[in-house]
>>> print(open('work-v6.tsv').read())   # TSV, N, CA and C atoms
chain	number	residue	atom	x	y	z
J	618	MET	N	7.20	-27.74	22.00
J	618	MET	CA	6.55	-27.66	20.71
J	618	MET	C	7.14	-26.49	19.94
J	619	PRO	N	7.49	-26.72	18.66
J	619	PRO	CA	8.08	-25.64	17.87
J	619	PRO	C	7.10	-24.49	17.65
J	620	LYS	N	7.67	-23.31	17.61
J	620	LYS	CA	6.87	-22.11	17.38
J	620	LYS	C	6.41	-22.07	15.92
J	621	ARG	N	5.12	-21.83	15.72
J	621	ARG	CA	4.58	-21.71	14.36
J	621	ARG	C	4.69	-20.25	13.92
J	622	VAL	N	5.17	-20.08	12.72
J	622	VAL	CA	5.34	-18.74	12.18
J	622	VAL	C	4.38	-18.58	11.01
J	623	ASP	N	3.63	-17.49	11.03
J	623	ASP	CA	2.77	-17.14	9.91
J	623	ASP	C	3.63	-16.35	8.93
J	624	HIS	N	4.11	-17.04	7.90
J	624	HIS	CA	5.06	-16.42	6.98
J	624	HIS	C	4.45	-15.25	6.21
J	625	ASP	N	3.18	-15.35	5.85
J	625	ASP	CA	2.53	-14.23	5.15
J	625	ASP	C	2.45	-13.01	6.05
J	626	ALA	N	2.11	-13.24	7.32
J	626	ALA	CA	2.04	-12.12	8.28
J	626	ALA	C	3.42	-11.52	8.49
J	627	ARG	N	4.45	-12.35	8.54
J	627	ARG	CA	5.82	-11.85	8.72
J	627	ARG	C	6.24	-11.02	7.51
J	628	ARG	N	5.92	-11.49	6.29
J	628	ARG	CA	6.25	-10.71	5.08
J	628	ARG	C	5.54	-9.36	5.12
J	629	GLU	N	4.26	-9.38	5.52
J	629	GLU	CA	3.52	-8.12	5.57
J	629	GLU	C	4.10	-7.19	6.62
J	630	GLU	N	4.49	-7.74	7.76
J	630	GLU	CA	5.11	-6.92	8.82
J	630	GLU	C	6.37	-6.24	8.30
J	631	ILE	N	7.19	-6.97	7.57
J	631	ILE	CA	8.41	-6.41	7.01
J	631	ILE	C	8.08	-5.37	5.93
J	632	ALA	N	7.10	-5.67	5.10
J	632	ALA	CA	6.69	-4.72	4.06
J	632	ALA	C	6.13	-3.44	4.68
J	633	ARG	N	5.40	-3.57	5.78
J	633	ARG	CA	4.87	-2.37	6.45
J	633	ARG	C	6.01	-1.52	7.04
J	634	ALA	N	7.05	-2.17	7.52
J	634	ALA	CA	8.22	-1.43	8.00
J	634	ALA	C	8.84	-0.66	6.84
J	635	ALA	N	8.96	-1.31	5.68
J	635	ALA	CA	9.50	-0.63	4.49
J	635	ALA	C	8.58	0.51	4.07
J	636	LEU	N	7.28	0.29	4.18
J	636	LEU	CA	6.32	1.33	3.81
J	636	LEU	C	6.42	2.53	4.75
J	637	ARG	N	6.61	2.27	6.04
J	637	ARG	CA	6.79	3.40	6.98
J	637	ARG	C	8.03	4.22	6.61
J	638	LEU	N	9.10	3.54	6.23
J	638	LEU	CA	10.30	4.27	5.77
J	638	LEU	C	9.99	5.07	4.51
J	639	CYS	N	9.27	4.46	3.58
J	639	CYS	CA	8.90	5.16	2.34
J	639	CYS	C	8.07	6.40	2.64
J	640	VAL	N	7.13	6.28	3.57
J	640	VAL	CA	6.27	7.40	3.92
J	640	VAL	C	7.10	8.54	4.50
J	641	ARG	N	8.03	8.18	5.38
J	641	ARG	CA	8.85	9.22	6.03
J	641	ARG	C	9.92	9.80	5.11
J	642	GLU	N	10.57	8.91	4.31
J	642	GLU	CA	11.78	9.35	3.60
J	642	GLU	C	11.84	8.99	2.13
J	643	GLY	N	10.84	8.30	1.61
J	643	GLY	CA	10.83	7.92	0.20
J	643	GLY	C	11.40	6.53	-0.03
J	644	PRO	N	11.08	5.93	-1.18
J	644	PRO	CA	11.53	4.56	-1.48
J	644	PRO	C	13.05	4.39	-1.50
J	645	ALA	N	13.79	5.45	-1.82
J	645	ALA	CA	15.25	5.34	-1.85
J	645	ALA	C	15.83	5.04	-0.46
J	646	SER	N	15.05	5.33	0.60
J	646	SER	CA	15.54	5.09	1.96
J	646	SER	C	15.47	3.62	2.37
J	647	VAL	N	14.83	2.81	1.56
J	647	VAL	CA	14.64	1.40	1.91
J	647	VAL	C	15.92	0.62	1.64
J	648	THR	N	16.53	0.17	2.73
J	648	THR	CA	17.67	-0.75	2.66
J	648	THR	C	17.38	-1.88	3.62
J	649	VAL	N	18.05	-2.99	3.44
J	649	VAL	CA	17.84	-4.13	4.32
J	649	VAL	C	18.07	-3.73	5.78
J	650	GLY	N	19.16	-3.03	6.03
J	650	GLY	CA	19.48	-2.63	7.40
J	650	GLY	C	18.45	-1.70	8.01
J	651	ARG	N	18.00	-0.72	7.23
J	651	ARG	CA	17.01	0.23	7.77
J	651	ARG	C	15.67	-0.43	7.99
J	652	VAL	N	15.27	-1.33	7.08
J	652	VAL	CA	14.00	-2.05	7.26
J	652	VAL	C	14.09	-2.95	8.47
J	653	ALA	N	15.21	-3.63	8.65
J	653	ALA	CA	15.39	-4.51	9.81
J	653	ALA	C	15.27	-3.71	11.10
J	654	ALA	N	15.92	-2.55	11.14
J	654	ALA	CA	15.85	-1.70	12.33
J	654	ALA	C	14.41	-1.22	12.56
J	655	GLU	N	13.73	-0.82	11.51
J	655	GLU	CA	12.35	-0.33	11.62
J	655	GLU	C	11.42	-1.43	12.12
J	656	ALA	N	11.63	-2.66	11.65
J	656	ALA	CA	10.79	-3.79	12.03
J	656	ALA	C	11.26	-4.45	13.33
J	657	GLU	N	12.43	-4.00	13.82
J	657	GLU	CA	13.04	-4.57	15.02
J	657	GLU	C	13.28	-6.07	14.88
J	658	ILE	N	13.88	-6.43	13.74
J	658	ILE	CA	14.27	-7.81	13.46
J	658	ILE	C	15.67	-7.78	12.86
J	659	SER	N	16.22	-8.95	12.61
J	659	SER	CA	17.58	-9.02	12.06
J	659	SER	C	17.58	-8.78	10.55
J	660	LYS	N	18.73	-8.35	10.06
J	660	LYS	CA	18.89	-8.19	8.62
J	660	LYS	C	18.69	-9.52	7.91
J	661	GLY	N	19.18	-10.58	8.53
J	661	GLY	CA	19.05	-11.92	7.94
J	661	GLY	C	17.61	-12.33	7.74
J	662	LEU	N	16.75	-11.94	8.66
J	662	LEU	CA	15.33	-12.28	8.53
J	662	LEU	C	14.70	-11.51	7.37
J	663	VAL	N	15.07	-10.25	7.22
J	663	VAL	CA	14.57	-9.48	6.08
J	663	VAL	C	15.03	-10.15	4.79
J	664	GLN	N	16.30	-10.53	4.72
J	664	GLN	CA	16.84	-11.16	3.51
J	664	GLN	C	16.24	-12.54	3.27
J	665	HIS	N	15.85	-13.24	4.34
J	665	HIS	CA	15.20	-14.54	4.20
J	665	HIS	C	13.88	-14.39	3.44
J	666	TYR	N	13.12	-13.39	3.79
J	666	TYR	CA	11.81	-13.18	3.16
J	666	TYR	C	11.89	-12.39	1.85
J	667	PHE	N	12.89	-11.54	1.75
J	667	PHE	CA	13.02	-10.68	0.57
J	667	PHE	C	14.48	-10.67	0.10
J	668	PRO	N	14.85	-11.62	-0.75
J	668	PRO	CA	16.24	-11.67	-1.21
J	668	PRO	C	16.64	-10.47	-2.07
J	669	ALA	N	15.63	-9.74	-2.60
J	669	ALA	CA	15.93	-8.56	-3.41
J	669	ALA	C	15.06	-7.39	-2.94
J	670	LYS	N	15.64	-6.20	-2.96
J	670	LYS	CA	14.92	-4.99	-2.55
J	670	LYS	C	13.66	-4.79	-3.39
J	671	GLU	N	13.72	-5.13	-4.67
J	671	GLU	CA	12.58	-4.93	-5.56
J	671	GLU	C	11.36	-5.72	-5.08
J	672	ALA	N	11.58	-6.94	-4.59
J	672	ALA	CA	10.46	-7.75	-4.09
J	672	ALA	C	9.84	-7.09	-2.86
J	673	LEU	N	10.67	-6.53	-2.01
J	673	LEU	CA	10.18	-5.84	-0.82
J	673	LEU	C	9.37	-4.60	-1.21
J	674	LEU	N	9.87	-3.83	-2.15
J	674	LEU	CA	9.14	-2.64	-2.60
J	674	LEU	C	7.83	-3.01	-3.30
J	675	ARG	N	7.83	-4.12	-4.04
J	675	ARG	CA	6.59	-4.57	-4.69
J	675	ARG	C	5.53	-4.89	-3.64
J	676	LEU	N	5.92	-5.60	-2.59
J	676	LEU	CA	4.93	-5.94	-1.57
J	676	LEU	C	4.52	-4.69	-0.79
J	677	ALA	N	5.45	-3.79	-0.53
J	677	ALA	CA	5.09	-2.53	0.16
J	677	ALA	C	4.09	-1.74	-0.67
J	678	ALA	N	4.27	-1.70	-1.99
J	678	ALA	CA	3.33	-1.00	-2.86
J	678	ALA	C	1.96	-1.69	-2.83
J	679	ALA	N	1.96	-3.01	-2.82
J	679	ALA	CA	0.69	-3.75	-2.75
J	679	ALA	C	-0.01	-3.52	-1.41
J	680	VAL	N	0.75	-3.46	-0.33
J	680	VAL	CA	0.18	-3.19	0.99
J	680	VAL	C	-0.42	-1.79	1.00
J	681	GLN	N	0.29	-0.82	0.43
J	681	GLN	CA	-0.24	0.53	0.39
J	681	GLN	C	-1.54	0.59	-0.41
J	682	ARG	N	-1.56	-0.08	-1.53
J	682	ARG	CA	-2.79	-0.10	-2.35
J	682	ARG	C	-3.93	-0.71	-1.56
J	683	HIS	N	-3.67	-1.81	-0.88
J	683	HIS	CA	-4.70	-2.45	-0.07
J	683	HIS	C	-5.19	-1.50	1.03
J	684	ASP	N	-4.28	-0.80	1.67
J	684	ASP	CA	-4.66	0.15	2.73
J	684	ASP	C	-5.54	1.27	2.19
J	685	ILE	N	-5.21	1.77	1.01
J	685	ILE	CA	-6.00	2.84	0.40
J	685	ILE	C	-7.40	2.32	0.06
J	686	GLU	N	-7.44	1.16	-0.57
J	686	GLU	CA	-8.74	0.58	-0.92
J	686	GLU	C	-9.58	0.30	0.32
J	687	SER	N	-8.94	-0.16	1.38
J	687	SER	CA	-9.66	-0.45	2.63
J	687	SER	C	-10.20	0.82	3.27
J	688	ALA	N	-9.40	1.90	3.22
J	688	ALA	CA	-9.85	3.17	3.80
J	688	ALA	C	-11.07	3.70	3.06
J	689	VAL	N	-11.05	3.59	1.75
J	689	VAL	CA	-12.19	4.06	0.96
J	689	VAL	C	-13.40	3.16	1.20
J	690	ALA	N	-13.19	1.86	1.21
J	690	ALA	CA	-14.30	0.93	1.44
J	690	ALA	C	-14.94	1.15	2.81
J	691	ALA	N	-14.12	1.45	3.81
J	691	ALA	CA	-14.64	1.67	5.17
J	691	ALA	C	-15.44	2.97	5.25
J	692	ALA	N	-15.12	3.92	4.39
J	692	ALA	CA	-15.81	5.21	4.44
J	692	ALA	C	-17.15	5.19	3.71
J	693	VAL	N	-17.33	4.22	2.86
J	693	VAL	CA	-18.53	4.14	2.02
J	693	VAL	C	-19.52	3.16	2.63
J	694	ARG	N	-20.77	3.62	2.73
J	694	ARG	CA	-21.82	2.75	3.28
J	694	ARG	C	-22.77	2.32	2.17
J	695	PRO	N	-23.04	1.02	2.07
J	695	PRO	CA	-24.00	0.56	1.07
J	695	PRO	C	-25.35	1.24	1.28
J	696	GLY	N	-25.96	1.60	0.20
J	696	GLY	CA	-27.28	2.22	0.28
J	696	GLY	C	-27.25	3.74	0.33
J	697	ASP	N	-26.08	4.33	0.57
J	697	ASP	CA	-26.01	5.79	0.56
J	697	ASP	C	-26.23	6.30	-0.87
J	698	PRO	N	-26.77	7.50	-1.00
J	698	PRO	CA	-26.92	8.07	-2.34
J	698	PRO	C	-25.55	8.29	-2.98
J	699	PRO	N	-25.50	8.28	-4.32
J	699	PRO	CA	-24.21	8.43	-5.02
J	699	PRO	C	-23.41	9.66	-4.59
J	700	ARG	N	-24.08	10.80	-4.37
J	700	ARG	CA	-23.34	12.00	-3.95
J	700	ARG	C	-22.65	11.79	-2.61
J	701	THR	N	-23.35	11.17	-1.68
J	701	THR	CA	-22.77	10.90	-0.36
J	701	THR	C	-21.60	9.92	-0.50
J	702	THR	N	-21.79	8.90	-1.30
J	702	THR	CA	-20.73	7.91	-1.51
J	702	THR	C	-19.49	8.56	-2.12
J	703	LEU	N	-19.70	9.38	-3.13
J	703	LEU	CA	-18.58	10.08	-3.77
J	703	LEU	C	-17.87	10.98	-2.76
J	704	ARG	N	-18.63	11.73	-2.01
J	704	ARG	CA	-18.05	12.63	-1.00
J	704	ARG	C	-17.24	11.84	0.03
J	705	GLN	N	-17.80	10.76	0.53
J	705	GLN	CA	-17.12	9.96	1.55
J	705	GLN	C	-15.84	9.33	1.00
J	706	ALA	N	-15.90	8.84	-0.24
J	706	ALA	CA	-14.72	8.23	-0.85
J	706	ALA	C	-13.61	9.26	-1.03
J	707	LEU	N	-13.97	10.45	-1.51
J	707	LEU	CA	-12.96	11.50	-1.70
J	707	LEU	C	-12.39	11.98	-0.37
J	708	LEU	N	-13.24	12.10	0.64
J	708	LEU	CA	-12.74	12.49	1.97
J	708	LEU	C	-11.79	11.43	2.54
J	709	ALA	N	-12.10	10.17	2.30
J	709	ALA	CA	-11.21	9.10	2.77
J	709	ALA	C	-9.84	9.22	2.12
J	710	LEU	N	-9.81	9.57	0.84
J	710	LEU	CA	-8.53	9.75	0.15
J	710	LEU	C	-7.76	10.94	0.72
J	711	VAL	N	-8.47	12.03	0.98
J	711	VAL	CA	-7.83	13.22	1.56
J	711	VAL	C	-7.29	12.89	2.96
J	712	ASP	N	-8.04	12.12	3.71
J	712	ASP	CA	-7.64	11.77	5.08
J	712	ASP	C	-6.39	10.89	5.13
J	713	LEU	N	-5.98	10.32	4.01
J	713	LEU	CA	-4.77	9.50	4.00
J	713	LEU	C	-3.56	10.32	4.42
J	714	GLY	N	-3.56	11.59	4.08
J	714	GLY	CA	-2.46	12.46	4.46
J	714	GLY	C	-1.44	12.63	3.35
J	715	THR	N	-0.72	13.70	3.45
J	715	THR	CA	0.24	14.08	2.42
J	715	THR	C	1.34	13.04	2.24
J	716	GLU	N	1.89	12.53	3.35
J	716	GLU	CA	3.00	11.58	3.23
J	716	GLU	C	2.57	10.32	2.50
J	717	GLN	N	1.39	9.81	2.84
J	717	GLN	CA	0.90	8.58	2.19
J	717	GLN	C	0.69	8.83	0.70
J	718	ILE	N	0.15	9.97	0.35
J	718	ILE	CA	-0.08	10.30	-1.06
J	718	ILE	C	1.25	10.49	-1.79
J	719	LEU	N	2.19	11.18	-1.16
J	719	LEU	CA	3.51	11.36	-1.79
J	719	LEU	C	4.23	10.04	-1.97
J	720	THR	N	4.06	9.13	-1.03
J	720	THR	CA	4.66	7.81	-1.17
J	720	THR	C	4.06	7.09	-2.37
J	721	GLY	N	2.76	7.23	-2.53
J	721	GLY	CA	2.12	6.66	-3.71
J	721	GLY	C	2.72	7.22	-4.99
J	722	HIS	N	2.96	8.52	-5.01
J	722	HIS	CA	3.58	9.14	-6.19
J	722	HIS	C	5.00	8.61	-6.41
J	723	ALA	N	5.72	8.40	-5.32
J	723	ALA	CA	7.09	7.87	-5.44
J	723	ALA	C	7.06	6.45	-6.00
J	724	PHE	N	6.10	5.64	-5.52
J	724	PHE	CA	5.96	4.30	-6.08
J	724	PHE	C	5.58	4.37	-7.55
J	725	LEU	N	4.72	5.31	-7.88
J	725	LEU	CA	4.31	5.47	-9.27
J	725	LEU	C	5.52	5.80	-10.14
J	726	ALA	N	6.39	6.65	-9.65
J	726	ALA	CA	7.60	6.99	-10.41
J	726	ALA	C	8.49	5.76	-10.59
J	727	SER	N	8.54	4.89	-9.58
J	727	SER	CA	9.36	3.69	-9.70
J	727	SER	C	8.72	2.64	-10.60
J	728	ALA	N	7.43	2.82	-10.92
J	728	ALA	CA	6.73	1.86	-11.78
J	728	ALA	C	7.32	1.80	-13.18
J	729	ALA	N	8.00	2.86	-13.60
J	729	ALA	CA	8.61	2.86	-14.93
J	729	ALA	C	9.64	1.75	-15.06
J	730	ALA	N	10.30	1.42	-13.96
J	730	ALA	CA	11.35	0.40	-14.00
J	730	ALA	C	10.90	-0.93	-13.41
J	731	ASN	N	9.69	-0.98	-12.87
J	731	ASN	CA	9.25	-2.21	-12.21
J	731	ASN	C	7.87	-2.61	-12.74
J	732	PRO	N	7.81	-3.62	-13.59
J	732	PRO	CA	6.54	-4.01	-14.21
J	732	PRO	C	5.45	-4.40	-13.20
J	733	GLU	N	5.80	-5.01	-12.10
J	733	GLU	CA	4.79	-5.42	-11.12
J	733	GLU	C	4.17	-4.20	-10.43
J	734	ILE	N	4.99	-3.24	-10.04
J	734	ILE	CA	4.45	-2.01	-9.45
J	734	ILE	C	3.63	-1.26	-10.50
J	735	HIS	N	4.09	-1.27	-11.73
J	735	HIS	CA	3.34	-0.64	-12.82
J	735	HIS	C	1.96	-1.28	-12.95
J	736	ARG	N	1.91	-2.60	-12.91
J	736	ARG	CA	0.63	-3.31	-13.02
J	736	ARG	C	-0.29	-2.95	-11.86
J	737	LEU	N	0.25	-2.93	-10.63
J	737	LEU	CA	-0.55	-2.58	-9.46
J	737	LEU	C	-1.17	-1.20	-9.60
J	738	TYR	N	-0.37	-0.24	-10.03
J	738	TYR	CA	-0.87	1.12	-10.14
J	738	TYR	C	-1.81	1.30	-11.32
J	739	ARG	N	-1.55	0.61	-12.41
J	739	ARG	CA	-2.45	0.70	-13.56
J	739	ARG	C	-3.82	0.12	-13.18
J	740	GLU	N	-3.85	-1.04	-12.55
J	740	GLU	CA	-5.11	-1.65	-12.14
J	740	GLU	C	-5.83	-0.78	-11.11
J	741	GLY	N	-5.10	-0.28	-10.14
J	741	GLY	CA	-5.70	0.57	-9.11
J	741	GLY	C	-6.26	1.85	-9.68
J	742	LEU	N	-5.50	2.49	-10.56
J	742	LEU	CA	-5.96	3.73	-11.17
J	742	LEU	C	-7.18	3.49	-12.05
J	743	SER	N	-7.16	2.41	-12.82
J	743	SER	CA	-8.31	2.10	-13.67
J	743	SER	C	-9.56	1.86	-12.85
J	744	ALA	N	-9.42	1.11	-11.77
J	744	ALA	CA	-10.58	0.82	-10.92
J	744	ALA	C	-11.09	2.10	-10.24
J	745	ALA	N	-10.18	2.91	-9.74
J	745	ALA	CA	-10.57	4.15	-9.07
J	745	ALA	C	-11.24	5.11	-10.04
J	746	THR	N	-10.67	5.25	-11.23
J	746	THR	CA	-11.24	6.15	-12.22
J	746	THR	C	-12.64	5.70	-12.62
J	747	ALA	N	-12.81	4.42	-12.84
J	747	ALA	CA	-14.13	3.89	-13.21
J	747	ALA	C	-15.14	4.11	-12.09
J	748	ALA	N	-14.73	3.88	-10.86
J	748	ALA	CA	-15.65	4.05	-9.72
J	748	ALA	C	-16.06	5.52	-9.56
J	749	VAL	N	-15.10	6.43	-9.66
J	749	VAL	CA	-15.42	7.86	-9.52
J	749	VAL	C	-16.30	8.31	-10.69
J	750	ALA	N	-15.99	7.88	-11.90
J	750	ALA	CA	-16.80	8.25	-13.06
J	750	ALA	C	-18.23	7.76	-12.89
J	751	ARG	N	-18.39	6.53	-12.39
J	751	ARG	CA	-19.73	5.98	-12.16
J	751	ARG	C	-20.48	6.79	-11.12
J	752	LEU	N	-19.82	7.13	-10.02
J	752	LEU	CA	-20.46	7.90	-8.96
J	752	LEU	C	-20.84	9.30	-9.44
J	753	VAL	N	-19.96	9.94	-10.21
J	753	VAL	CA	-20.27	11.27	-10.73
J	753	VAL	C	-21.48	11.20	-11.66
J	754	ALA	N	-21.52	10.20	-12.53
J	754	ALA	CA	-22.66	10.05	-13.45
J	754	ALA	C	-23.95	9.80	-12.67
J	755	GLU	N	-23.88	8.96	-11.63
J	755	GLU	CA	-25.08	8.66	-10.84
J	755	GLU	C	-25.51	9.86	-10.01
J	756	ALA	N	-24.56	10.67	-9.58
J	756	ALA	CA	-24.88	11.81	-8.73
J	756	ALA	C	-25.44	12.99	-9.53
J	757	HIS	N	-25.24	12.98	-10.81
J	757	HIS	CA	-25.65	14.09	-11.65
J	757	HIS	C	-27.15	14.16	-11.83
>>> encode(input="work-v6.tsv", output="structure tokens")
Amino acid sequence: MPKRVDHDARREEIARAALRLCVREGPASVTVGRVAAEAEISKGLVQHYFPAKEALLRLAAAVQRHDIESAVAAAVRPGDPPRTTLRQALLALVDLGTEQILTGHAFLASAAANPEIHRLYREGLSAATAAVARLVAEAH
């Protein structure tokens, strides 16, 4: 029986390998060869899923955004008072670590040339700003 491949999971696995490189060395370090080595797969497989580096970086940025949102969501408990929620959300962001935050800044810098990354960061920043503003107002 032929092996079934979850193509979405494979794309995410490759994007996470690119994200690990970005965290360690910045987005400029992302090449097909380095991502393939990081993911322990062939260069051809990386190119099969991502014919262009920009597509790989877009998905890596989306994965990072999802990870950040998930970390904050996991830290917040429904029913907690607004001050506790705000504190937990901010601590979750701090707990991401310097490399993860710097990678976000590097992606933000690349957003000037990449409309999809720009859209991801604009939406994420707008949502985060609105959520923090709401929590601050409720906590006051």
>>> residues_around(input="work-v6.tsv", residues="Arg651 (chain J)", least_positions_apart="5", cutoff="8 Å", atoms="only N, CA and C atoms", output="PyMOL selection string")
chain J and resi 634-635+638+646+656-657+660
>>> write_last_selection(input="work-v6.tsv", atoms="N, CA and C atoms", output="short mmCIF file (atom, residue, chain, number, x, y, z; two decimals), in the frame of the given file")
data_model
loop_
_atom_site.label_atom_id
_atom_site.label_comp_id
_atom_site.auth_asym_id
_atom_site.auth_seq_id
_atom_site.Cartn_x
_atom_site.Cartn_y
_atom_site.Cartn_z
N ALA J 634 7.05 -2.17 7.52
CA ALA J 634 8.22 -1.43 8.00
C ALA J 634 8.84 -0.66 6.84
N ALA J 635 8.96 -1.31 5.68
CA ALA J 635 9.50 -0.63 4.49
C ALA J 635 8.58 0.51 4.07
N LEU J 638 9.10 3.54 6.23
CA LEU J 638 10.30 4.27 5.77
C LEU J 638 9.99 5.07 4.51
N SER J 646 15.05 5.33 0.60
CA SER J 646 15.54 5.09 1.96
C SER J 646 15.47 3.62 2.37
N ALA J 656 11.63 -2.66 11.65
CA ALA J 656 10.79 -3.79 12.03
C ALA J 656 11.26 -4.45 13.33
N GLU J 657 12.43 -4.00 13.82
CA GLU J 657 13.04 -4.57 15.02
C GLU J 657 13.28 -6.07 14.88
N LYS J 660 18.73 -8.35 10.06
CA LYS J 660 18.89 -8.19 8.62
C LYS J 660 18.69 -9.52 7.91
#
>>> closest_atom_pairs(input="work-v6.tsv", of="region 663-706 of chain J", to="region 737-744 of chain J", cutoff="8 Å", atoms="all atoms listed in the file", output="tab-separated table")
residue	atom	partner	partner_atom	distance
J:Ala678	C	J:Leu737	CA	7.1
J:Ala679	CA	J:Leu737	CA	6.9
J:Arg682	CA	J:Gly741	CA	7.4
>>> write_last_selection(input="work-v6.tsv", atoms="N, CA and C atoms", output="mmCIF file, keeping the file's coordinate frame")
data_model
loop_
_atom_site.group_PDB
_atom_site.id
_atom_site.type_symbol
_atom_site.label_atom_id
_atom_site.label_comp_id
_atom_site.auth_asym_id
_atom_site.auth_seq_id
_atom_site.Cartn_x
_atom_site.Cartn_y
_atom_site.Cartn_z
ATOM 1 N N ALA J 678 4.270 -1.700 -1.990
ATOM 2 C CA ALA J 678 3.330 -1.000 -2.860
ATOM 3 C C ALA J 678 1.960 -1.690 -2.830
ATOM 4 N N ALA J 679 1.960 -3.010 -2.820
ATOM 5 C CA ALA J 679 0.690 -3.750 -2.750
ATOM 6 C C ALA J 679 -0.010 -3.520 -1.410
ATOM 7 N N ARG J 682 -1.560 -0.080 -1.530
ATOM 8 C CA ARG J 682 -2.790 -0.100 -2.350
ATOM 9 C C ARG J 682 -3.930 -0.710 -1.560
#
>>> closest_residue(input="work-v6.tsv", among="J:Arg627, J:Arg641, J:Arg621, J:Arg700", to="Thr720 (chain J)", atoms="only C-alpha atoms")
J:Arg641
>>> residues_around(input="work-v6.tsv", residues="Asp684 (chain J)", least_positions_apart="3", cutoff="12 Å", atoms="only C-alpha atoms", output="MDAnalysis selection string")
chainID J and resid 629 633 636 677:681 687:691 709:710 713 717:718 721 741
>>> atom_distance(input="work-v6.tsv", atom1="CA of Ala745 (chain J)", atom2="CA of Leu674 (chain J)")
21.8 Å
>>> closest_residue(input="work-v6.tsv", among="J:Val711, J:Cys639, J:Val622, J:Val652", to="Ala723 (chain J)", atoms="only C-alpha atoms")
J:Cys639
>>> closest_residue(input="work-v6.tsv", among="J:Leu676, J:Ser659, J:Glu686, J:Val753", to="Pro699 (chain J)", atoms="only C-alpha atoms")
J:Val753
>>> atom_distance(input="work-v6.tsv", atom1="atom N of Ala706 (chain J)", atom2="CA of Glu755 (chain J)")
14.0 Å
>>> atom_distance(input="work-v6.tsv", atom1="atom N of Thr746 (chain J)", atom2="CA of Gly643 (chain J)")
24.5 Å
>>> axis_aligned_box(input="work-v6.tsv", around="region 694-703 of chain J", padding_each_side="6 Å", output="AutoDock Vina command-line options")
--center_x -22.6 --center_y 6.3 --center_z -0.9 --size_x 21.4 --size_y 23.4 --size_z 20.3
>>> select_by_dssp(input="work-v6.tsv", residues="chain J", states="alpha helix (DSSP H)", output="PyMOL selection string")
chain J and resi 624-642+649-656+660-666+670-692+699-712+715-727+732-756
>>> closest_residue(input="work-v6.tsv", among="J:Lys670, J:Lys620, J:Arg694, J:Arg628", to="Asn731 (chain J)", atoms="only C-alpha atoms")
J:Lys670
>>> decode(input="work-v6.tsv", residues="region 640-644 of chain J", atoms="all heavy atoms", output="PDB file, in the first residue's frame")
ATOM      1  N   VAL J 640      15.585  31.923  13.578  1.00  0.00           N
ATOM      2  CA  VAL J 640      15.772  32.224  14.995  1.00  0.00           C
ATOM      3  C   VAL J 640      17.257  32.265  15.329  1.00  0.00           C
ATOM      4  O   VAL J 640      17.724  33.160  16.025  1.00  0.00           O
ATOM      5  CB  VAL J 640      15.022  31.205  15.885  1.00  0.00           C
ATOM      6  CG1 VAL J 640      15.444  31.306  17.335  1.00  0.00           C
ATOM      7  CG2 VAL J 640      13.516  31.408  15.755  1.00  0.00           C
ATOM      8  N   ARG J 641      17.999  31.292  14.810  1.00  0.00           N
ATOM      9  CA  ARG J 641      19.431  31.222  15.125  1.00  0.00           C
ATOM     10  C   ARG J 641      20.255  32.265  14.381  1.00  0.00           C
ATOM     11  O   ARG J 641      21.188  32.835  14.943  1.00  0.00           O
ATOM     12  CB  ARG J 641      19.970  29.828  14.796  1.00  0.00           C
ATOM     13  CG  ARG J 641      19.599  28.766  15.783  1.00  0.00           C
ATOM     14  CD  ARG J 641      20.467  27.520  15.662  1.00  0.00           C
ATOM     15  NE  ARG J 641      20.665  27.050  14.313  1.00  0.00           N
ATOM     16  CZ  ARG J 641      19.925  26.098  13.718  1.00  0.00           C
ATOM     17  NH1 ARG J 641      18.929  25.539  14.359  1.00  0.00           N
ATOM     18  NH2 ARG J 641      20.204  25.721  12.498  1.00  0.00           N
ATOM     19  N   GLU J 642      19.915  32.485  13.075  1.00  0.00           N
ATOM     20  CA  GLU J 642      20.829  33.272  12.237  1.00  0.00           C
ATOM     21  C   GLU J 642      20.167  34.359  11.400  1.00  0.00           C
ATOM     22  O   GLU J 642      20.850  35.049  10.664  1.00  0.00           O
ATOM     23  CB  GLU J 642      21.580  32.312  11.309  1.00  0.00           C
ATOM     24  CG  GLU J 642      22.359  31.253  12.066  1.00  0.00           C
ATOM     25  CD  GLU J 642      22.939  30.194  11.148  1.00  0.00           C
ATOM     26  OE1 GLU J 642      23.354  30.548  10.027  1.00  0.00           O
ATOM     27  OE2 GLU J 642      22.967  29.019  11.553  1.00  0.00           O
ATOM     28  N   GLY J 643      18.854  34.496  11.469  1.00  0.00           N
ATOM     29  CA  GLY J 643      18.150  35.517  10.702  1.00  0.00           C
ATOM     30  C   GLY J 643      17.640  34.991   9.371  1.00  0.00           C
ATOM     31  O   GLY J 643      18.136  33.977   8.864  1.00  0.00           O
ATOM     32  N   PRO J 644      16.661  35.686   8.784  1.00  0.00           N
ATOM     33  CA  PRO J 644      16.055  35.234   7.525  1.00  0.00           C
ATOM     34  C   PRO J 644      17.036  35.110   6.360  1.00  0.00           C
ATOM     35  O   PRO J 644      16.830  34.302   5.466  1.00  0.00           O
ATOM     36  CB  PRO J 644      14.997  36.305   7.234  1.00  0.00           C
ATOM     37  CG  PRO J 644      14.678  36.890   8.558  1.00  0.00           C
ATOM     38  CD  PRO J 644      15.964  36.834   9.344  1.00  0.00           C
TER      39      PRO J 644
END
